[in-house]
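Enquirer: Can you read through this structure? Questions will come right after.
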Amino acid sequence: MTAQLIDGKLIANNLLEDLKKEIAKREEDGIRNPALAVILVGDDPASTVYVNNKRRACEKVGIKSLFYDLPATTTQIELEKLIDDLNNDSGVDGILVQSPLPDPLDEDRILDLISPDKDVDGFHPINLGLLAMRQPKFRSCTPYGVIKMLKAMEIEISGKDAVVVGASNHVGRPMAFELLMAGATVTQCHSKTQNIQDKVYNSDIVVAAVGRPEMVKGSWIKKGAVVIDIGINRVGDKLIGDVEFEVAKNNASFITPVPGGVGPMTVATLMSNTLDAQKNSL
Ligand code: GUN
C-alpha cells in the first residue's frame with residue numbers, strides 16, 4: 001500500500017482564499033484590515049524564512065503586517081517595552097514574537113507579557129490552559145492547523161488511538177490537548193518514554209513533533225495509520241521530517257510530506273487567529 005499524500009499547501013491555500021474573501025467583505029463594510037505585529041530578533045536563517053512566509057501570507061489575505069526586525073543585541077527591557085506598547089495599541093490585533101529568541105533574552109517572560117487577547121500564536125499560559133480545559137480561545141497554530149487538516153481530509157479522530165511523539169510546551173502538549181478534545185485516546189511520548197516503537201505501532205494516528213530527522217521509523221507505523229509529521233529538520237541542503245517518510249508511506253493510509261505538509265497549515269492558522277483576534281476586540 002502507498003499512502004495518500006495530505007497536501008497541506010493546497011488545504012492552507014483554500015483557507016487563505018476564504019480568509020481573503022472574508023477580510024475583503026469586512027473592508028467593504030468599513031472595518032479596517034486586521035493588523036499583525038511580527039517581531040524577529042537577530043538573524044537566525046530558519047527564523048528569517050519562517051517570518052518571511054508569515055509576512056507573505058499576511059499580504060496575500062489582506063492582513064497588515066507590522067515589521068519589527070530587531071538586532072540580536074536588543075535588550076530584555078527594550079523588548080518588554082515594545083510588547084507593552086503593542087499590547088496598548090488598539091490598531092494592533094495580534095503580536096507574534098518569533099521563537100527562539102537569541103541569548104540572553106528570557107523568552108518565557110516575553111511570551112507571558114503578550115496580552116492573551118493578542119496572543120495569536122496561542123503560546124500564553126492562559127491560552128494553553130483554556131485549551132487544556134476544553135474552552136479554547138487562541139489555539140497554538142501548528143496543533144490547530146493539524147486538526148483543520150485532518151478535518152479537511154475527512155479523517156475521523158473521535159474514538160481513535162493517537163500518539164504524539166514529543167511533549168514541548170508549544171507543539172507536543174497542545175497537540176495532545178487538541179486530539180483529546182477531538183475525542184481521541186492520546187498517548188504522549190517524551191524523552192523518558194520506554195518502547196516508543198510499541199506506542200506508535202498501537203496507534204491509528206501518529207503525530208511526530210520531536211525535531212529529530214527520521215526519528216520515527218517507517219516500520220513502526222501500523223498498516224492504515226494516519227501519519228502527521230510536524231518536524232522540519234535541515235540536513236545539508238534538504239528539509240527532512242521527523243518520520244522516515246519513504247518507508248512509512250508504505251504502511252500509512254495518509255501521510256504528510258515535509259515540506260508542504262503541516263508548515264503551510266501553521267501559517268494559515270496564524271492568519272485566521274489574527275482575524276479572530278480582531279473580531280474579538282470589536
Ligand atoms: N518558531 C518556530 N515555529 C514558531 C511558531 O509557530 N511561532 C513562533 N512565534 N515562533 C516559532
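Note on naming: chains are A, B, ... as they come in the C-alpha cells, residues start from 1 per chain, ligands start from 1 in the order shown.
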Can you list, as a ChimeraX atom specification, all residues belonging to segment 13-246 of chain A that DSSP tags as alpha helix (DSSP H)?
Expert: /A:13-28,45-61,76-87,107-113,125-132,141-152,172-181,196-201,245-246
Enquirer: Applying 10 Å and only C-alpha atoms, which residues near Val247 of chain A remain after dropping the ones on its own chain fewer than 3 positions away? List them as JSON, numbers by chain.
Expert: {"A": [2, 217, 218, 219, 220, 221, 243, 244, 250, 251, 252]}
Enquirer: Keeping only C-alpha atoms, take the residues you just selected and write them out as a PDB file, in the first residue's frame.
Expert:
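In the end it all went to again35.pdb:
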ATOM      1  CA  THR A   2       1.147   3.515  -0.699  1.00  0.00           C
ATOM      2  CA  LYS A 217      10.891   4.743  11.799  1.00  0.00           C
ATOM      3  CA  GLY A 218       8.633   3.718   8.950  1.00  0.00           C
ATOM      4  CA  SER A 219       8.446   0.126  10.215  1.00  0.00           C
ATOM      5  CA  TRP A 220       6.821   1.376  13.472  1.00  0.00           C
ATOM      6  CA  ILE A 221       3.723   2.559  11.570  1.00  0.00           C
ATOM      7  CA  VAL A 243       9.289  10.440  10.218  1.00  0.00           C
ATOM      8  CA  GLU A 244      11.156   8.060   7.936  1.00  0.00           C
ATOM      9  CA  ASN A 250       4.165   2.031   2.507  1.00  0.00           C
ATOM     10  CA  ASN A 251       2.305   1.367   5.769  1.00  0.00           C
ATOM     11  CA  ALA A 252       0.234   4.527   6.277  1.00  0.00           C
TER      12      ALA A 252
END
Enquirer: Neighbouring residues of Leu10 of chain A were defined as those with any atom within 10 Å, considering only C-alpha atoms; residues of the same chain fewer than 3 positions away were excluded. Please report them as a list in words.
Expert: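 Residues meeting the cut-off are Ile6, Asp7, Asn13, Asn14, Leu15, Leu16, Gly260, Gly261, Pro264 and Met265 of chain A.
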Enquirer: So what do you get for atom CA of Asn280 of chain A versus atom CA of Gly94 of chain A, distance-wise?
Expert: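 Atom-to-atom, atom CA of Asn280 of chain A to atom CA of Gly94 of chain A, that is 11.2 Å.
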Enquirer: Near segment 126-138 of chain A, within 9 Å and counting only C-alpha atoms, which residues show up once chain neighbours fewer than 3 positions away are dropped, as a VMD selection string?
Expert: chain A and resid 112 116 to 123 141 169 to 170 173 to 174 177 to 178 181 273 276 to 277
Enquirer: Write out as a list in words which residues come within 10 Å of segment 23-28 of chain A when counting only C-alpha atoms, dropping same-chain ones fewer than 4 positions away.
Expert: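 My reading of the contact set: Glu17, Asp18, Leu19, Arg32, Asn33, Pro34, Val61, Gly62, Ile63 and Leu275 of chain A.
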Enquirer: Keeping N, CA and C atoms for every residue in the selection just given, could you write it to a file as a compact mmCIF listing (two decimals), in the first residue's frame?
Expert:
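The resulting file, again_26.txt, is reproduced below:
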# COMPACT_ATOMS: atom_id res chain seq x y z
N GLU A 17 -7.62 31.62 0.87
CA GLU A 17 -8.58 32.22 -0.07
C GLU A 17 -9.86 32.63 0.65
N ASP A 18 -10.36 31.75 1.52
CA ASP A 18 -11.58 32.06 2.29
C ASP A 18 -11.36 33.28 3.17
N LEU A 19 -10.19 33.33 3.81
CA LEU A 19 -9.88 34.47 4.69
C LEU A 19 -9.80 35.77 3.90
N ARG A 32 -11.63 48.10 9.34
CA ARG A 32 -10.23 48.14 8.91
C ARG A 32 -9.64 46.73 8.82
N ASN A 33 -8.58 46.61 8.02
CA ASN A 33 -7.94 45.30 7.89
C ASN A 33 -7.30 44.90 9.23
N PRO A 34 -7.28 43.59 9.55
CA PRO A 34 -6.59 43.17 10.77
C PRO A 34 -5.10 43.50 10.68
N VAL A 61 -3.68 37.72 2.17
CA VAL A 61 -5.07 37.74 2.64
C VAL A 61 -5.56 39.14 3.00
N GLY A 62 -4.66 40.11 3.04
CA GLY A 62 -5.08 41.48 3.39
C GLY A 62 -4.94 41.80 4.86
N ILE A 63 -4.03 41.08 5.53
CA ILE A 63 -3.71 41.45 6.93
C ILE A 63 -2.50 42.38 6.87
N LEU A 275 -7.41 37.23 12.41
CA LEU A 275 -8.75 37.76 12.12
C LEU A 275 -9.66 37.55 13.34
Enquirer: Tell me, as a PDB file with N, CA, C and O atoms, in the first residue's frame, which residues lie within 10 Å of Gly183 of chain A, counting only C-alpha atoms; anything in the same chain fewer than 5 positions away does not count.
Expert:
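The result, written out as part_2.pdb:
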ATOM      1  N   GLU A 156     -11.379  10.751  10.494  1.00  0.00           N
ATOM      2  CA  GLU A 156     -12.038  10.657  11.805  1.00  0.00           C
ATOM      3  C   GLU A 156     -10.986  10.679  12.922  1.00  0.00           C
ATOM      4  O   GLU A 156      -9.961   9.996  12.832  1.00  0.00           O
ATOM      5  N   ILE A 157     -11.243  11.456  13.951  1.00  0.00           N
ATOM      6  CA  ILE A 157     -10.336  11.489  15.115  1.00  0.00           C
ATOM      7  C   ILE A 157     -11.012  10.822  16.316  1.00  0.00           C
ATOM      8  O   ILE A 157     -10.385  10.059  17.057  1.00  0.00           O
ATOM      9  N   SER A 158     -12.314  11.098  16.461  1.00  0.00           N
ATOM     10  CA  SER A 158     -13.041  10.618  17.638  1.00  0.00           C
ATOM     11  C   SER A 158     -12.989   9.095  17.738  1.00  0.00           C
ATOM     12  O   SER A 158     -13.233   8.390  16.755  1.00  0.00           O
ATOM     13  N   GLY A 159     -12.621   8.623  18.920  1.00  0.00           N
ATOM     14  CA  GLY A 159     -12.580   7.187  19.167  1.00  0.00           C
ATOM     15  C   GLY A 159     -11.294   6.508  18.721  1.00  0.00           C
ATOM     16  O   GLY A 159     -11.104   5.315  18.977  1.00  0.00           O
ATOM     17  N   LYS A 160     -10.408   7.262  18.070  1.00  0.00           N
ATOM     18  CA  LYS A 160      -9.155   6.657  17.576  1.00  0.00           C
ATOM     19  C   LYS A 160      -8.078   6.688  18.661  1.00  0.00           C
ATOM     20  O   LYS A 160      -8.105   7.515  19.574  1.00  0.00           O
ATOM     21  N   ASP A 161      -7.117   5.794  18.503  1.00  0.00           N
ATOM     22  CA  ASP A 161      -5.925   5.822  19.360  1.00  0.00           C
ATOM     23  C   ASP A 161      -4.881   6.680  18.674  1.00  0.00           C
ATOM     24  O   ASP A 161      -4.489   6.392  17.533  1.00  0.00           O
ATOM     25  N   ALA A 162      -4.455   7.741  19.367  1.00  0.00           N
ATOM     26  CA  ALA A 162      -3.458   8.651  18.775  1.00  0.00           C
ATOM     27  C   ALA A 162      -2.214   8.679  19.651  1.00  0.00           C
ATOM     28  O   ALA A 162      -2.292   8.515  20.877  1.00  0.00           O
ATOM     29  N   PHE A 177      -3.621  17.921  23.659  1.00  0.00           N
ATOM     30  CA  PHE A 177      -4.902  18.500  24.123  1.00  0.00           C
ATOM     31  C   PHE A 177      -5.912  18.579  22.972  1.00  0.00           C
ATOM     32  O   PHE A 177      -7.102  18.324  23.155  1.00  0.00           O
ATOM     33  N   GLU A 178      -5.437  18.954  21.806  1.00  0.00           N
ATOM     34  CA  GLU A 178      -6.332  19.068  20.636  1.00  0.00           C
ATOM     35  C   GLU A 178      -6.933  17.701  20.293  1.00  0.00           C
ATOM     36  O   GLU A 178      -8.135  17.579  20.039  1.00  0.00           O
TER      37      GLU A 178
END
Enquirer: What is the atom CA of Pro257 of chain A-atom CA of Val210 of chain A distance in Å, reported with one decimal?
Expert: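 Answer for the atom CA of Pro257 of chain A to atom CA of Val210 of chain A separation: 15.8 Å.
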Enquirer: Name the residues of segment 67-130 of chain A that come out as strand (DSSP E or B) in a backbone DSSP run; write them as a ChimeraX atom specification.
Expert: /A:67-70,94-97
Enquirer: With N, CA and C atoms kept, could you save the residues just selected as a tab-separated table (two decimals), in the first residue's frame?
Expert:
chain	number	residue	atom	x	y	z
A	67	PHE	N	6.28	45.28	10.70
A	67	PHE	CA	7.59	44.63	10.79
A	67	PHE	C	8.40	45.16	11.97
A	68	TYR	N	8.92	44.28	12.79
A	68	TYR	CA	9.88	44.69	13.82
A	68	TYR	C	11.08	43.75	13.70
A	69	ASP	N	12.03	44.15	12.88
A	69	ASP	CA	13.26	43.37	12.73
A	69	ASP	C	14.31	44.00	13.63
A	70	LEU	N	14.59	43.33	14.74
A	70	LEU	CA	15.44	43.93	15.76
A	70	LEU	C	16.80	43.24	15.80
A	94	GLY	N	-2.85	41.36	16.65
A	94	GLY	CA	-2.08	40.18	17.05
A	94	GLY	C	-0.61	40.52	17.20
A	95	ILE	N	0.06	39.81	18.12
A	95	ILE	CA	1.51	40.01	18.32
A	95	ILE	C	2.18	38.66	18.24
A	96	LEU	N	3.19	38.59	17.39
A	96	LEU	CA	3.94	37.33	17.26
A	96	LEU	C	5.42	37.61	17.47
A	97	VAL	N	6.02	36.92	18.42
A	97	VAL	CA	7.47	37.01	18.63
A	97	VAL	C	8.06	35.71	18.13
Enquirer: Using only C-alpha atoms and all ligand atoms, which residues have at least one atom no more than 10 Å from ligand 1? Output them as a PyMOL selection string.
Expert: chain A and resi 38-40+46-48+50-51+54+95-101+111+119-123+140-143+170-171+232+263+266-267+269-270
Enquirer: Please dump the current selection as a tab-separated table (two decimals), in the first residue's frame; keep N, CA, C and O atoms.
Expert:
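The result, stored in out.tsv:
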chain	number	residue	atom	x	y	z
A	38	VAL	N	4.80	41.43	13.76
A	38	VAL	CA	5.69	40.27	13.68
A	38	VAL	C	7.09	40.72	14.11
A	38	VAL	O	7.70	41.57	13.47
A	39	ILE	N	7.56	40.15	15.22
A	39	ILE	CA	8.84	40.58	15.79
A	39	ILE	C	9.89	39.49	15.58
A	39	ILE	O	9.71	38.34	15.99
A	40	LEU	N	10.97	39.89	14.93
A	40	LEU	CA	12.10	38.97	14.71
A	40	LEU	C	13.33	39.60	15.35
A	40	LEU	O	13.71	40.72	15.00
A	46	ALA	N	16.74	30.21	9.72
A	46	ALA	CA	15.46	29.49	9.68
A	46	ALA	C	14.34	30.42	10.14
A	46	ALA	O	13.27	30.47	9.50
A	47	SER	N	14.57	31.18	11.20
A	47	SER	CA	13.54	32.10	11.70
A	47	SER	C	13.22	33.15	10.64
A	47	SER	O	12.05	33.53	10.48
A	48	THR	N	14.23	33.61	9.94
A	48	THR	CA	14.01	34.62	8.89
A	48	THR	C	13.10	34.06	7.81
A	48	THR	O	12.16	34.73	7.35
A	50	TYR	N	10.86	31.58	8.16
A	50	TYR	CA	9.51	31.41	8.72
A	50	TYR	C	8.78	32.76	8.77
A	50	TYR	O	7.60	32.86	8.40
A	51	VAL	N	9.49	33.79	9.25
A	51	VAL	CA	8.87	35.10	9.39
A	51	VAL	C	8.48	35.66	8.01
A	51	VAL	O	7.40	36.23	7.84
A	54	LYS	N	5.30	34.13	6.90
A	54	LYS	CA	4.14	34.69	7.62
A	54	LYS	C	3.79	36.05	7.04
A	54	LYS	O	2.61	36.36	6.84
A	95	ILE	N	0.06	39.81	18.12
A	95	ILE	CA	1.51	40.01	18.32
A	95	ILE	C	2.18	38.66	18.24
A	95	ILE	O	1.78	37.71	18.91
A	96	LEU	N	3.19	38.59	17.39
A	96	LEU	CA	3.94	37.33	17.26
A	96	LEU	C	5.42	37.61	17.47
A	96	LEU	O	5.99	38.48	16.81
A	97	VAL	N	6.02	36.92	18.42
A	97	VAL	CA	7.47	37.01	18.63
A	97	VAL	C	8.06	35.71	18.13
A	97	VAL	O	7.75	34.63	18.67
A	98	GLN	N	8.86	35.79	17.09
A	98	GLN	CA	9.39	34.55	16.52
A	98	GLN	C	10.36	33.89	17.50
A	98	GLN	O	11.24	34.54	18.06
A	99	SER	N	10.14	32.63	17.70
A	99	SER	CA	10.95	31.83	18.61
A	99	SER	C	11.93	30.98	17.79
A	99	SER	O	11.58	30.55	16.68
A	100	PRO	N	13.14	30.69	18.23
A	100	PRO	CA	13.72	31.05	19.53
A	100	PRO	C	14.30	32.46	19.52
A	100	PRO	O	14.75	32.93	18.48
A	101	LEU	N	14.28	33.08	20.71
A	101	LEU	CA	14.95	34.38	20.86
A	101	LEU	C	16.41	34.12	21.18
A	101	LEU	O	16.74	33.14	21.85
A	111	LEU	N	7.02	35.99	26.22
A	111	LEU	CA	5.76	35.41	25.73
A	111	LEU	C	4.64	35.62	26.75
A	111	LEU	O	3.49	35.86	26.38
A	119	ASP	N	-2.57	37.17	21.66
A	119	ASP	CA	-1.63	36.04	21.58
A	119	ASP	C	-2.06	35.08	20.46
A	119	ASP	O	-2.54	33.97	20.71
A	120	VAL	N	-1.87	35.52	19.21
A	120	VAL	CA	-2.36	34.74	18.07
A	120	VAL	C	-1.56	33.45	17.86
A	120	VAL	O	-1.98	32.57	17.12
A	121	ASP	N	-0.40	33.33	18.51
A	121	ASP	CA	0.37	32.08	18.47
A	121	ASP	C	-0.22	31.04	19.43
A	121	ASP	O	0.10	29.85	19.34
A	122	GLY	N	-1.04	31.51	20.37
A	122	GLY	CA	-1.61	30.58	21.37
A	122	GLY	C	-0.59	30.03	22.34
A	122	GLY	O	-0.76	28.94	22.87
A	123	PHE	N	0.47	30.80	22.60
A	123	PHE	CA	1.56	30.32	23.48
A	123	PHE	C	1.40	30.77	24.93
A	123	PHE	O	2.10	30.28	25.81
A	140	SER	N	-2.77	27.11	19.67
A	140	SER	CA	-1.44	27.08	19.05
A	140	SER	C	-1.58	26.70	17.58
A	140	SER	O	-2.27	25.74	17.24
A	141	CYS	N	-0.90	27.47	16.73
A	141	CYS	CA	-1.15	27.39	15.29
A	141	CYS	C	-0.83	26.02	14.69
A	141	CYS	O	-1.59	25.54	13.84
A	142	THR	N	0.26	25.39	15.10
A	142	THR	CA	0.61	24.12	14.47
A	142	THR	C	-0.38	23.01	14.87
A	142	THR	O	-0.96	22.37	13.98
A	143	PRO	N	-0.64	22.80	16.16
A	143	PRO	CA	-1.60	21.75	16.52
A	143	PRO	C	-3.01	22.02	15.95
A	143	PRO	O	-3.66	21.10	15.44
A	170	HIS	N	4.88	24.22	23.29
A	170	HIS	CA	4.17	24.96	22.25
A	170	HIS	C	3.64	24.09	21.12
A	170	HIS	O	2.87	24.55	20.30
A	171	VAL	N	4.10	22.84	21.06
A	171	VAL	CA	3.62	21.98	19.97
A	171	VAL	C	3.10	20.64	20.52
A	171	VAL	O	1.91	20.33	20.38
A	232	ILE	N	10.53	19.76	10.96
A	232	ILE	CA	11.21	20.34	9.78
A	232	ILE	C	12.69	20.45	10.18
A	232	ILE	O	13.06	21.34	10.95
A	263	GLY	N	3.58	22.64	7.67
A	263	GLY	CA	4.12	24.01	7.69
A	263	GLY	C	3.13	25.06	7.16
A	263	GLY	O	2.83	26.04	7.86
A	266	THR	N	0.28	25.82	9.56
A	266	THR	CA	0.64	26.68	10.71
A	266	THR	C	0.45	28.15	10.33
A	266	THR	O	-0.15	28.93	11.08
A	267	VAL	N	0.94	28.51	9.15
A	267	VAL	CA	0.88	29.90	8.71
A	267	VAL	C	-0.58	30.31	8.47
A	267	VAL	O	-1.02	31.39	8.89
A	269	THR	N	-3.23	29.09	9.81
A	269	THR	CA	-3.94	29.17	11.09
A	269	THR	C	-3.58	30.47	11.83
A	269	THR	O	-4.43	31.08	12.48
A	270	LEU	N	-2.33	30.88	11.69
A	270	LEU	CA	-1.94	32.17	12.27
A	270	LEU	C	-2.77	33.31	11.68
A	270	LEU	O	-3.21	34.22	12.40
Enquirer: Write out as a list in words each polymer residue whose atoms come within 9 Å of Gly166 of chain A, counting only C-alpha atoms; drop sequence neighbours fewer than 2 positions from it.
Expert: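 So the residues in contact are Val164, Ser168, Val171, Gly172, Arg173, Gln188, Cys189, His190, Ser191, Val207, Ala208, Ala209, Val210 and Gly211 of chain A.
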Enquirer: Grab the atom CA of Met271 of chain A to atom CA of Ala57 of chain A distance for me, in Å with one decimal place.
Expert: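 A separation of 7.4 Å between them.
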Enquirer: Calculated over only C-alpha atoms, which of the candidates A:Leu82, A:Leu113, A:Val226, A:Ile255 has the smallest distance to Tyr201 of chain A?
Expert: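 The shortest atom-to-atom distance to Tyr201 of chain A comes from A:Val226.
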Enquirer: Which one of A:Ala35, A:Leu239, A:Val146, A:Ala152 sits closest to Ile205 of chain A if you count only C-alpha atoms?
Expert: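 Going through A:Ala35, A:Leu239, A:Val146, A:Ala152 one by one, the smallest distance to Ile205 of chain A is for A:Val146.
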Enquirer: With distances taken over only C-alpha atoms, which residue among A:Lys199, A:Lys151, A:Arg234, A:Lys192 lies nearest Leu179 of chain A?
Expert: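 Looking only at the distances to Leu179 of chain A, the closest residue turns out to be A:Lys151.
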Enquirer: Choose the residue, out of A:Ser281, A:Thr185, A:Thr74, A:Asn53, that has the smallest atom-to-atom separation from Ala268 of chain A; count only C-alpha atoms.
Expert: A:Asn53
